[in-house]
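See structure below.
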Amino acid sequence: MSARLRSSLAITIAGVVVAVIGLGCLGLQATRANATISAQRSASVVADARLDAAYYSCVDRQARSLITPATPVAYRSGASLGEAVVLNKAVASWITLSPPGTEPDGWLGLRHIGGPGTCLGDVVTLRARGADGSWILRTGHGASVPGAGPPPAPPL
Amino acid sequence: MSTLAAAALGLALLGVLGVLPVIALLGVRWLSLVLSPVAGAIVTGLAAAAALSCGGPLLVWSWLLAGLGAVLTIAWWAWRPELRPWPRTPKAPGDATARFGPLVLGGLLSIVAAGLSLRGLATPTVGFDTRALWSLRAGWMLHDHQQMLLDFKVPEFLIGQSGYPPLVSSEAAFIWGMTGLHTARLEVVVVALIDMLCLLGLAIGILSLGHRATALRDGWRGLLPAVVAAIVAPAVVLIGAGITEPFLTNGYADPMWSLSAAGAVLFGLILPSTRSNQAAAVVLLTAAGMSKQEGMFTALCILGLIVARQLGRLPRAPRRSARLLVLLATAGAAVGAMAAWPTAIAITGSRQVSSPLSASSTWVHRAHAVATGFSPSLHVLAVALAVSIVGGLLLRSTRRRLELGHDLWGWAGLTAGLVVVGGVLITGSAAIGPWIEGSVHRVTQFPAITGWLIVAVWTIVGATAAAGGTPTEAVPGRSAT
């Protein structure tokens with residue numbers, strides 16, 4: 001057997017080995033990947049996603065019962081980080097922020113009061129001036145999600 | 001309008017925004033169809049930067065910039081008729097209908113794999129950051145200029161991350177504006193579809209390599225690499241989806257930058273250095289750089305590597321300086337596109353993430369935590385390294401005949417991405433344990449996918465060698481670098 005033929009044979013064998021190992025590893029990983037994708041359809045993931053969607057839809061609808069997208073508002077002073085995050089996630093994409101230095105038409109907030117008519121216990125609030133000029137606190141309505149506590153934490 | 005209809009319409013409109021420049025750069029090929037919406041998303045990102053810094057609606061800016069791109073493309077074709085896409089180039093010697101069979105089969109299987117990979121969309125998941133950042137900013141981008149400035153500047157919203165690159169939000173804002181449907185769910189579906197187009201782009205790259213290899217040998221044995229590529233391509237789609245889930249279908253930006261950066265490595269550093277492949281790499285790395293901070297730094301590294309690879313391939317004088325000029329202009333355009341949004345954020349005084357450094361005395365401990373945290377997600381690197389060593393020792397000549405880039409280029413691209421995310425975690429000041437725990441599945445997507453691409457490419461090189469050690473003819477083109 002000539003040196004050239006031996007070299008050619010070695011390359012062919014190496015090619016077969018690399019191709020078979022590569023196909024095997026890719027096939028195995030594709031199977032695992034398919035299982036990961038299937039996990040997104042598991043009952044618990046679907047239930048969590050639905051509850052999460054229902055909660056933020058509820059907060060959004062309650063806020064819309066209090067203000068329109070054109071109403072200049074601000075977050076209530078002293079809002080906690082969690083409160084601000086929920087409001088950011090639910091309504092901040094469409095509300096109109098009052099420019100700094102001007103008085104907003106209302107102060108938007110979120111309170112945890114529990115019970116019926118709330119979004120997992122939370123209710124959107126708006127502190128605004130009434131007809132007589134005094135400050136009144138109104139609560140959102142038009143949507144509710146029964147239950148208590150925040151929605152399940154989605155993967156970060 | 002239903003979410004699905006709005007997403008389909010939005011994707012088509014993004015495709016319209018990007019199609020002409022993509023065809024001018026890549027030519028008429030399936031990859032152009034896949035990358036047109038990605039290029040359209042880049043246009044919306046530029047439009048968002050213009051809307052924030054200069055005023056004017058994002059939708060108007062999007063169509064204006066797309067129109068400008070179309071006019072420049074048509075002018076380019078008028079000036080250089082030989083670069084128009086429609087004259088047919090002569091087929092490579094040995095071209096035959098049989099060679100296209102595996103290509104078509106692989107394409108169909110990849111589309112089926114893409115459909116299977118998107119079944120997670122049936123679950124109505126909207127990720128935390130999707131609500132808190134990506135779709136939130138999409139709403140802001142549709143506000144009038146004064147309100148948009150306020151949204152991005154006031155401290156009340158408490159999120160410096162709103163200064164992050166714009167692409168995921170701007171493409172959603174564009175589609176919201178065009179369809180009238182403003183929901184986070186629409187953003188999730190559109191982002192997942194664009195991610196999937198990037199994955200299909202990877203599949204097309206793999207299939208084109210298998211097809212190219214069939215020219216090395218006549219007869220049925222010559223088809224072996226293409227048949228292997230027809231199996232590998234859909235596997236890569238599934239693997240990419242598996243690595244990026246659940247973030248693929250919950251609206252996050254991480255799959256977007258990871259998949260496009262991996263595509264840039266494949267087309268720019270691994271596959272043969274054709275004009276079309278290089279252009280595809282530039283489109284993809286620009287998309288990566290406009291999707292997330294770590295995507296931007298990784299894309300800049302990949303761009304540097306692509307430029308370095310091309311510098312080694314410059315022709316002799318007198319064409320040398322013209323080619324060098326085109327290379328630098330292309331790199332400059334990509335950097336300019338990536339820099340547009342950060343510039344807009346800086347000149348408008350918008351919120352940004354402040355990132356103080358940790359004490360250098362903690363870096364060793366943090367580096368150890370990063371290595372420990374990353375390793376469960378990066379098993380593929382061991383496989384890729386083993387295959388690379390065996391392939392590099394025994395299949396070098398076959399790889400050279402296929403005119404692939406040296407394996408080290410791909411590894412350099414992968415390493416760049418690892419160094420970027422590792423460097424941020426090591427030098428950042430946040431508590432390293434929770435930081436890794438909360439981000440490891442996202443920040444390792446790029447190196448994991450690129451690792452599998454290295455394995456996939458060596459698998460096809462192996463199949464090419466297995467089909468026959470002695471070439472019957474050389475693949476038309478230039479020698480590999």
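Within each chain, counting starts at residue 1; across the structure tokens, chains are named A, B, ... in the order shown, with ligands numbered 1 upward in that order.
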With a cut-off of 6 Å, could you pull out the residues of chain A touching chain B and give me the nearest pair of atoms for each, distance in Å to one decimal, using only C-alpha atoms, ordered by chain and ascending number, as CSV?
residue,atom,partner,partner_atom,distance
A:Ser8,CA,B:Gly469,CA,5.1
A:Thr12,CA,B:Ala466,CA,4.5
A:Gly15,CA,B:Gly462,CA,3.7
A:Val16,CA,B:Ala466,CA,5.1
A:Val18,CA,B:Gly462,CA,5.3
A:Ala19,CA,B:Thr459,CA,4.3
A:Gly22,CA,B:Thr459,CA,5.0
A:Ala30,CA,B:Ile239,CA,5.0
A:Ala33,CA,B:Gly242,CA,3.9
A:Thr36,CA,B:Gly242,CA,5.6
A:Ile37,CA,B:Gly242,CA,5.9
A:Gln40,CA,B:Gly120,CA,5.2
A:Val46,CA,B:Thr123,CA,5.5
A:Ala49,CA,B:Thr125,CA,4.8
A:Asn88,CA,B:Ala132,CA,6.0
A:Lys89,CA,B:Ala132,CA,4.5
A:Ser93,CA,B:Gly139,CA,4.4
A:Trp94,CA,B:Gly139,CA,5.9
A:Leu156,CA,B:Gly438,CA,5.6
For this session: Please provide as a list of chain:residue names all residues within 9 Å of Ile95 (chain A), with the sequence filter that same-chain residues fewer than 5 positions apart are discarded (counting only C-alpha atoms).
Result: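 Result of the neighbour search: A:Ile67, A:Thr68, A:Pro69, A:Ala70, A:Thr71, A:Pro72, A:Val73.
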Any chance you can output those residues with N, CA, C and O atoms as a PDB file, in the first residue's frame?
ATOM      1  N   ILE A  67     -57.988  56.426  34.259  1.00  0.00           N
ATOM      2  CA  ILE A  67     -57.363  57.468  33.429  1.00  0.00           C
ATOM      3  C   ILE A  67     -57.437  57.077  31.960  1.00  0.00           C
ATOM      4  O   ILE A  67     -57.634  55.899  31.628  1.00  0.00           O
ATOM      5  N   THR A  68     -57.238  58.063  31.088  1.00  0.00           N
ATOM      6  CA  THR A  68     -57.086  57.772  29.660  1.00  0.00           C
ATOM      7  C   THR A  68     -55.598  57.894  29.332  1.00  0.00           C
ATOM      8  O   THR A  68     -54.834  58.457  30.120  1.00  0.00           O
ATOM      9  N   PRO A  69     -55.199  57.411  28.149  1.00  0.00           N
ATOM     10  CA  PRO A  69     -53.771  57.551  27.795  1.00  0.00           C
ATOM     11  C   PRO A  69     -53.322  59.012  27.741  1.00  0.00           C
ATOM     12  O   PRO A  69     -52.123  59.284  27.838  1.00  0.00           O
ATOM     13  N   ALA A  70     -54.259  59.949  27.612  1.00  0.00           N
ATOM     14  CA  ALA A  70     -53.867  61.366  27.505  1.00  0.00           C
ATOM     15  C   ALA A  70     -53.810  62.064  28.864  1.00  0.00           C
ATOM     16  O   ALA A  70     -53.366  63.213  28.940  1.00  0.00           O
ATOM     17  N   THR A  71     -54.251  61.385  29.932  1.00  0.00           N
ATOM     18  CA  THR A  71     -54.271  62.035  31.253  1.00  0.00           C
ATOM     19  C   THR A  71     -52.861  62.171  31.814  1.00  0.00           C
ATOM     20  O   THR A  71     -52.167  61.155  31.979  1.00  0.00           O
ATOM     21  N   PRO A  72     -52.390  63.391  32.104  1.00  0.00           N
ATOM     22  CA  PRO A  72     -51.047  63.518  32.697  1.00  0.00           C
ATOM     23  C   PRO A  72     -51.053  63.006  34.137  1.00  0.00           C
ATOM     24  O   PRO A  72     -51.813  63.508  34.970  1.00  0.00           O
ATOM     25  N   VAL A  73     -50.246  61.986  34.389  1.00  0.00           N
ATOM     26  CA  VAL A  73     -50.206  61.391  35.729  1.00  0.00           C
ATOM     27  C   VAL A  73     -48.768  61.231  36.185  1.00  0.00           C
ATOM     28  O   VAL A  73     -47.816  61.393  35.402  1.00  0.00           O
TER      29      VAL A  73
END
Problem set entry | Point-to-point distance from CA of Asp60 (chain A) to CA of Val168 (chain B), Å rounded to tenths |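 Value for the CA of Asp60 (chain A)-CA of Val168 (chain B) distance: 22.2 Å.
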Problem set entry | Selection: 9 Å around region 37-44 of chain B, only C-alpha atoms, excl. self and same-chain fewer than 4 positions, as JSON, numbers by chain | {"B": [11, 12, 13, 14, 15, 16, 17, 18, 19, 21, 22, 33, 48, 49, 58, 59, 61, 62, 63, 65, 66, 166, 167, 168, 170, 171, 172, 173, 174, 194, 195, 197, 198, 283, 284, 286, 287, 290, 337]}
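Closest approach to Ala431 (chain B) from the set B:Leu357, B:Leu259, B:Ala288, B:Leu20 is made by B:Leu357, with distances taken over only C-alpha atoms.
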For this session: Give me every strand (DSSP E) residue in region 33-152 of chain A, going by DSSP on the backbone, as a VMD selection string.
Result: chain A and resid 72 to 75 96 to 97 106 to 112 122 to 129 135 to 139
Writing out the chosen residues with C-alpha atoms as a compact mmCIF listing (two decimals), in the first residue's frame:
# COMPACT_ATOMS: atom_id res chain seq x y z
CA PRO A 72 -51.05 63.52 32.70
CA VAL A 73 -50.21 61.39 35.73
CA ALA A 74 -47.31 60.56 38.01
CA TYR A 75 -46.57 57.60 40.24
CA THR A 96 -48.75 60.08 29.73
CA LEU A 97 -46.26 61.22 32.33
CA GLY A 106 -53.57 62.32 39.34
CA TRP A 107 -51.13 60.18 41.28
CA LEU A 108 -51.19 56.56 40.23
CA GLY A 109 -50.50 53.80 42.73
CA LEU A 110 -51.11 50.17 43.57
CA ARG A 111 -52.43 48.94 46.91
CA HIS A 112 -52.74 45.46 48.25
CA ASP A 122 -54.01 44.37 44.32
CA VAL A 123 -56.01 47.35 43.21
CA VAL A 124 -54.93 50.34 41.14
CA THR A 125 -55.47 53.69 42.86
CA LEU A 126 -55.61 57.26 41.62
CA ARG A 127 -55.33 60.23 43.96
CA ALA A 128 -56.88 63.14 42.12
CA ARG A 129 -58.74 66.36 42.85
CA TRP A 135 -58.02 65.27 47.04
CA ILE A 136 -59.88 61.98 46.72
CA LEU A 137 -58.60 58.46 46.32
CA ARG A 138 -60.34 56.40 43.65
CA THR A 139 -59.80 52.71 43.03
Problem set entry | DSSP-assigned helix (DSSP H, G or I) members of region 3-135 of chain A, reported as a count of residues only | 71
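Counting only C-alpha atoms and comparing A:Gly140, A:Leu28, A:Pro150, A:Ile13, the residue that lies closest to Arg64 (chain A) is A:Gly140.
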